[in-house]
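Raw contents of final-v3.txt, compact mmCIF, C-alpha atoms:
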```
# COMPACT_ATOMS: atom_id res chain seq x y z
CA MET A 1184 8.57 -20.42 -18.17
CA LYS A 1185 4.96 -19.19 -18.50
CA PRO A 1186 2.32 -21.88 -17.81
CA ILE A 1187 0.81 -21.57 -21.29
CA LEU A 1188 4.24 -22.17 -22.85
CA MET A 1189 4.81 -25.12 -20.52
CA PHE A 1190 1.40 -26.48 -21.55
CA THR A 1191 2.21 -26.12 -25.26
CA LEU A 1192 5.63 -27.75 -24.83
CA ALA A 1193 4.21 -30.62 -22.77
CA PHE A 1194 1.37 -31.19 -25.20
CA SER A 1195 3.67 -31.16 -28.23
CA ILE A 1196 6.04 -33.78 -26.80
CA GLY A 1197 3.30 -35.97 -25.36
CA LEU A 1198 3.78 -35.33 -21.62
CA PRO A 1199 0.70 -35.45 -19.40
CA VAL A 1200 -0.39 -31.83 -19.04
CA ALA A 1201 -1.61 -32.26 -15.45
CA ALA A 1202 1.89 -33.29 -14.39
CA VAL A 1203 3.40 -30.13 -15.84
CA HIS A 1204 0.93 -27.84 -14.07
CA ALA A 1205 1.03 -29.56 -10.69
CA ALA A 1206 3.99 -27.44 -9.56
CA ASP A 1207 2.63 -24.12 -10.89
CA SER A 1208 0.88 -21.55 -8.77
CA ALA A 1209 -2.66 -20.81 -9.85
CA PRO A 1210 -2.77 -17.50 -11.76
CA TRP A 1211 -5.32 -16.05 -9.32
CA ASP A 1212 -2.93 -16.78 -6.43
CA ALA A 1213 0.33 -15.90 -8.18
CA HIS A 1214 -0.69 -12.31 -8.92
CA PRO A 1215 -2.02 -9.51 -6.74
CA ALA A 1216 -5.79 -9.16 -6.42
CA LEU A 1217 -7.40 -6.59 -8.69
CA LYS A 1218 -9.07 -3.44 -7.46
CA ARG A 1219 -12.79 -3.10 -8.24
CA SER A 1220 -11.94 -0.27 -10.63
CA GLU A 1221 -9.83 -2.69 -12.71
CA VAL A 1222 -12.76 -4.93 -13.73
CA SER A 1223 -16.06 -4.37 -15.49
CA LYS A 1224 -18.69 -3.21 -12.98
CA VAL A 1225 -20.93 -6.03 -14.26
CA TYR A 1226 -18.77 -8.57 -12.40
CA ARG A 1227 -19.34 -6.97 -9.01
CA GLN A 1228 -23.04 -6.32 -9.67
CA GLN A 1229 -23.63 -9.96 -10.51
CA TRP A 1230 -21.42 -11.34 -7.75
CA LEU A 1231 -23.24 -9.27 -5.10
CA ARG A 1232 -26.56 -10.87 -6.17
CA ALA A 1233 -25.26 -14.44 -6.13
CA PRO A 1234 -26.15 -16.82 -3.29
CA SER A 1235 -22.59 -18.22 -3.46
CA ARG A 1236 -20.84 -14.86 -2.81
CA ARG A 1237 -20.08 -15.61 0.86
CA GLN A 1238 -18.14 -18.75 0.00
CA CYS A 1239 -16.92 -18.00 -3.51
CA GLY A 1240 -14.79 -14.96 -4.10
CA LEU A 1241 -14.96 -12.93 -7.25
CA LEU A 1242 -12.64 -14.13 -10.02
CA ALA A 1243 -12.51 -11.85 -13.04
CA LEU A 1244 -10.55 -10.70 -16.04
CA ALA A 1245 -9.08 -7.23 -15.67
CA THR A 1246 -10.56 -4.68 -18.05
CA ARG A 1247 -7.13 -4.36 -19.69
CA ASP A 1248 -6.34 -8.09 -19.77
CA PRO A 1249 -4.79 -9.19 -23.09
CA ALA A 1250 -7.55 -11.80 -23.49
CA HIS A 1251 -10.12 -9.03 -24.05
CA TYR A 1252 -11.07 -7.91 -27.50
CA PRO A 1253 -11.08 -4.10 -27.75
CA ASP A 1254 -14.73 -3.80 -28.82
CA ALA A 1255 -16.11 -6.45 -26.45
CA LYS A 1256 -19.10 -5.36 -24.38
CA SER A 1257 -19.64 -7.02 -21.00
CA ARG A 1258 -23.13 -7.90 -19.82
CA LYS A 1259 -24.92 -10.09 -17.32
CA ALA A 1260 -25.05 -13.76 -18.27
CA ASN A 1261 -27.78 -15.83 -16.65
CA PHE A 1262 -26.22 -18.50 -14.51
CA SER A 1263 -28.25 -20.59 -12.07
CA GLY A 1264 -26.91 -20.65 -8.51
CA GLY A 1265 -24.16 -18.14 -9.14
CA TRP A 1266 -23.26 -15.27 -11.44
CA GLY A 1267 -21.98 -14.79 -14.95
CA VAL A 1268 -20.44 -12.16 -17.19
CA ALA A 1269 -20.48 -12.61 -20.96
CA TYR A 1270 -18.74 -10.54 -23.61
CA ASP A 1271 -20.44 -9.78 -26.90
CA LEU A 1272 -18.55 -8.76 -30.03
CA VAL A 1273 -19.55 -6.91 -33.16
CA SER A 1274 -17.28 -7.49 -36.12
CA LYS A 1275 -16.16 -4.77 -38.52
CA ARG A 1276 -18.64 -6.26 -40.99
CA GLY A 1277 -21.45 -5.70 -38.49
CA MET A 1278 -21.85 -9.36 -37.51
CA TYR A 1279 -22.91 -9.87 -33.89
CA PHE A 1280 -21.27 -12.58 -31.77
CA ARG A 1281 -23.33 -12.96 -28.61
CA SER A 1282 -21.52 -14.51 -25.65
CA ALA A 1283 -18.23 -14.74 -27.54
CA TYR A 1284 -16.51 -15.42 -24.24
CA GLY A 1285 -17.19 -15.18 -20.53
CA VAL A 1286 -16.66 -16.15 -16.92
CA ALA A 1287 -19.22 -17.51 -14.47
CA ASN A 1288 -19.45 -18.95 -10.99
CA ALA A 1289 -21.87 -21.86 -10.80
CA GLY A 1290 -21.95 -21.90 -7.01
CA THR A 1291 -20.28 -24.76 -5.23
CA SER A 1292 -19.83 -28.41 -6.02
CA SER A 1293 -18.33 -31.35 -4.20
CA ASP A 1294 -18.45 -33.38 -7.42
CA LYS A 1295 -15.45 -32.58 -9.56
CA VAL A 1296 -16.76 -33.46 -13.00
CA MET A 1297 -13.81 -33.54 -15.37
CA PRO A 1298 -15.45 -34.37 -18.71
CA TRP A 1299 -12.56 -33.56 -21.02
CA GLY A 1300 -9.13 -35.07 -21.50
CA GLU A 1301 -7.33 -31.75 -21.12
CA LYS A 1302 -6.65 -31.11 -17.44
CA MET A 1303 -4.52 -28.78 -15.36
CA ARG A 1304 -3.74 -29.09 -11.67
CA TYR A 1305 -2.25 -26.22 -9.71
CA ARG A 1306 -0.17 -26.25 -6.55
CA ASP A 1307 -3.07 -24.91 -4.42
CA GLY A 1308 -5.25 -27.88 -5.41
CA SER A 1309 -7.28 -26.01 -8.06
CA LEU A 1310 -8.33 -28.19 -10.97
CA VAL A 1311 -9.24 -27.27 -14.55
CA SER A 1312 -10.74 -29.52 -17.20
CA TYR A 1313 -11.47 -28.13 -20.63
CA GLY A 1314 -12.63 -29.07 -24.10
CA ARG A 1315 -15.36 -28.46 -26.64
CA GLU A 1316 -18.79 -27.77 -25.21
CA GLY A 1317 -21.00 -30.85 -25.51
CA GLY A 1318 -18.20 -32.75 -27.23
CA ASN A 1319 -19.17 -30.91 -30.43
CA PRO A 1320 -16.06 -30.38 -32.59
CA GLU A 1321 -17.54 -27.03 -33.68
CA GLY A 1322 -18.71 -26.01 -30.19
CA LYS A 1323 -17.33 -23.28 -27.96
CA TRP A 1324 -14.34 -24.06 -25.80
CA LEU A 1325 -15.41 -24.53 -22.19
CA ALA A 1326 -13.40 -24.98 -18.99
CA TYR A 1327 -14.55 -26.13 -15.57
CA LEU A 1328 -12.48 -24.66 -12.75
CA TYR A 1329 -12.71 -26.10 -9.24
CA LEU A 1330 -11.10 -24.24 -6.36
CA PRO A 1331 -10.07 -26.08 -3.17
CA ASN A 1332 -12.93 -24.42 -1.22
CA GLY A 1333 -15.51 -26.13 -3.48
CA CYS A 1334 -16.26 -23.13 -5.69
CA PHE A 1335 -16.99 -24.05 -9.29
CA TYR A 1336 -16.44 -21.69 -12.23
CA ASN A 1337 -17.10 -21.90 -15.96
CA ILE A 1338 -14.90 -20.09 -18.46
CA TRP A 1339 -15.84 -20.18 -22.14
CA SER A 1340 -14.60 -18.94 -25.49
CA GLY A 1341 -16.17 -19.14 -28.90
CA ILE A 1342 -12.98 -17.64 -30.29
CA GLY A 1343 -10.70 -20.63 -29.76
CA GLU A 1344 -8.67 -22.86 -27.48
CA ASP A 1345 -5.73 -20.46 -27.22
CA HIS A 1346 -8.10 -17.68 -26.19
CA LEU A 1347 -9.66 -19.90 -23.51
CA LEU A 1348 -6.22 -20.72 -22.08
CA GLU A 1349 -5.28 -17.03 -22.15
CA MET A 1350 -8.46 -16.25 -20.22
CA ILE A 1351 -7.67 -18.87 -17.57
CA GLN A 1352 -4.20 -17.38 -17.16
CA GLY A 1353 -5.75 -13.91 -16.83
CA LEU A 1354 -8.22 -14.72 -14.04
CA ARG A 1355 -7.57 -12.77 -10.86
CA LYS A 1356 -9.20 -12.38 -7.47
CA VAL A 1357 -10.92 -9.04 -6.93
CA LYS A 1358 -10.62 -7.10 -3.66
```

Take the structure from the file and write it as structure tokens.
Amino acid sequence: MKPILMFTLAFSIGLPVAAVHAADSAPWDAHPALKRSEVSKVYRQQWLRAPSRRQCGLLALATRDPAHYPDAKSRKANFSGGWGVAYDLVSKRGMYFRSAYGVANAGTSSDKVMPWGEKMRYRDGSLVSYGREGGNPEGKWLAYLYLPNGCFYNIWSGIGEDHLLEMIQGLRKVK
């Protein structure tokens, strides 16, 4: 069963989500690493400039990942201590949605801040906590991802919770 389906099932019947995910492989470990040509060049450009690049590998969404919106444009997102890639959208009505979603590495952290009730734990020891940014019920969905090597990533979506979870499932290492 796919992790997102397991999450939905567990959530709907009241099981602790972390318990369901503890036996799952992390998506970035369960799938082959992407080639550089399979991700937006902005990821690699930003990662190469980051002070954390020696310790923290590049995690990215493939250009053809289902979580992407067809008209999304990737760009550099300012992120202190690491790197970030944001995706901007323009609606058919011409409305601009800056930073609709994105992925960033915030460097490393030994403090595993888990501010939200929704948590996932993977077999490799990776941890994810996610919820609404700033506790604002109208805020973007934000996830903190901690890898066992201390690397700390942010994943966000202004589109919705399901989109954020789809993004997390789509993250892959890049060769």

**Asked** Could you work out how far atom CA of Glu1221 of chain A lies from atom CA of Leu1347 of chain A, giving the answer in Å with one decimal?
**Response**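 Between atom CA of Leu1347 of chain A and atom CA of Glu1221 of chain A the gap works out to 20.3 Å.
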
**Item:** segment 1204-1220 of chain A surroundings by all atoms listed in the file, 7 Å radius, close-in-sequence under 2 positions cut, as a PyMOL selection string
**Value:** chain A and resi 1200-1202+1222+1303-1307+1352-1358

**Request:** Could you check how far atom CA of Gln1228 of chain A sits from atom CA of Glu1344 of chain A, in Å to one decimal?
**Result:**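 Atom-to-atom, atom CA of Gln1228 of chain A and atom CA of Glu1344 of chain A are spaced 28.2 Å apart.
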
**Asked** Hey, can you pull every residue with an atom no more than 10 Å from (-5.0, -9.3, -19.5), using all atoms listed in the file, and send it as number ranges by chain?
**Response** A: 1244-1251, 1349-1350, 1352-1355

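Separating atom CA of Ser1282 of chain A from atom CA of Ser1235 of chain A is a distance of 22.5 Å.
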
**Prompt:** For Trp1299 of chain A, which residue out of A:Asn1319, A:Asn1261, A:Ser1312, A:Gln1238 is the nearest one, using only C-alpha atoms?
**Reply:**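 Result for the nearest residue to Trp1299 of chain A: A:Ser1312.
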
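Proximity to Arg1258 of chain A at 8 Å, evaluated using only C-alpha atoms and with sequence-adjacent residues fewer than 2 positions away removed, yields Val1225, Lys1256, Ala1260, Val1268, Ala1269, Tyr1270 and Asp1271 of chain A.
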
Please produce a file of the residues just selected, as a short mmCIF file (atom, residue, chain, number, x, y, z; two decimals), in the frame of the given file, where the atoms kept are C-alpha atoms.
```cif
data_model
loop_
_atom_site.label_atom_id
_atom_site.label_comp_id
_atom_site.auth_asym_id
_atom_site.auth_seq_id
_atom_site.Cartn_x
_atom_site.Cartn_y
_atom_site.Cartn_z
CA VAL A 1225 -20.93 -6.03 -14.26
CA LYS A 1256 -19.10 -5.36 -24.38
CA ALA A 1260 -25.05 -13.76 -18.27
CA VAL A 1268 -20.44 -12.16 -17.19
CA ALA A 1269 -20.48 -12.61 -20.96
CA TYR A 1270 -18.74 -10.54 -23.61
CA ASP A 1271 -20.44 -9.78 -26.90
#
```
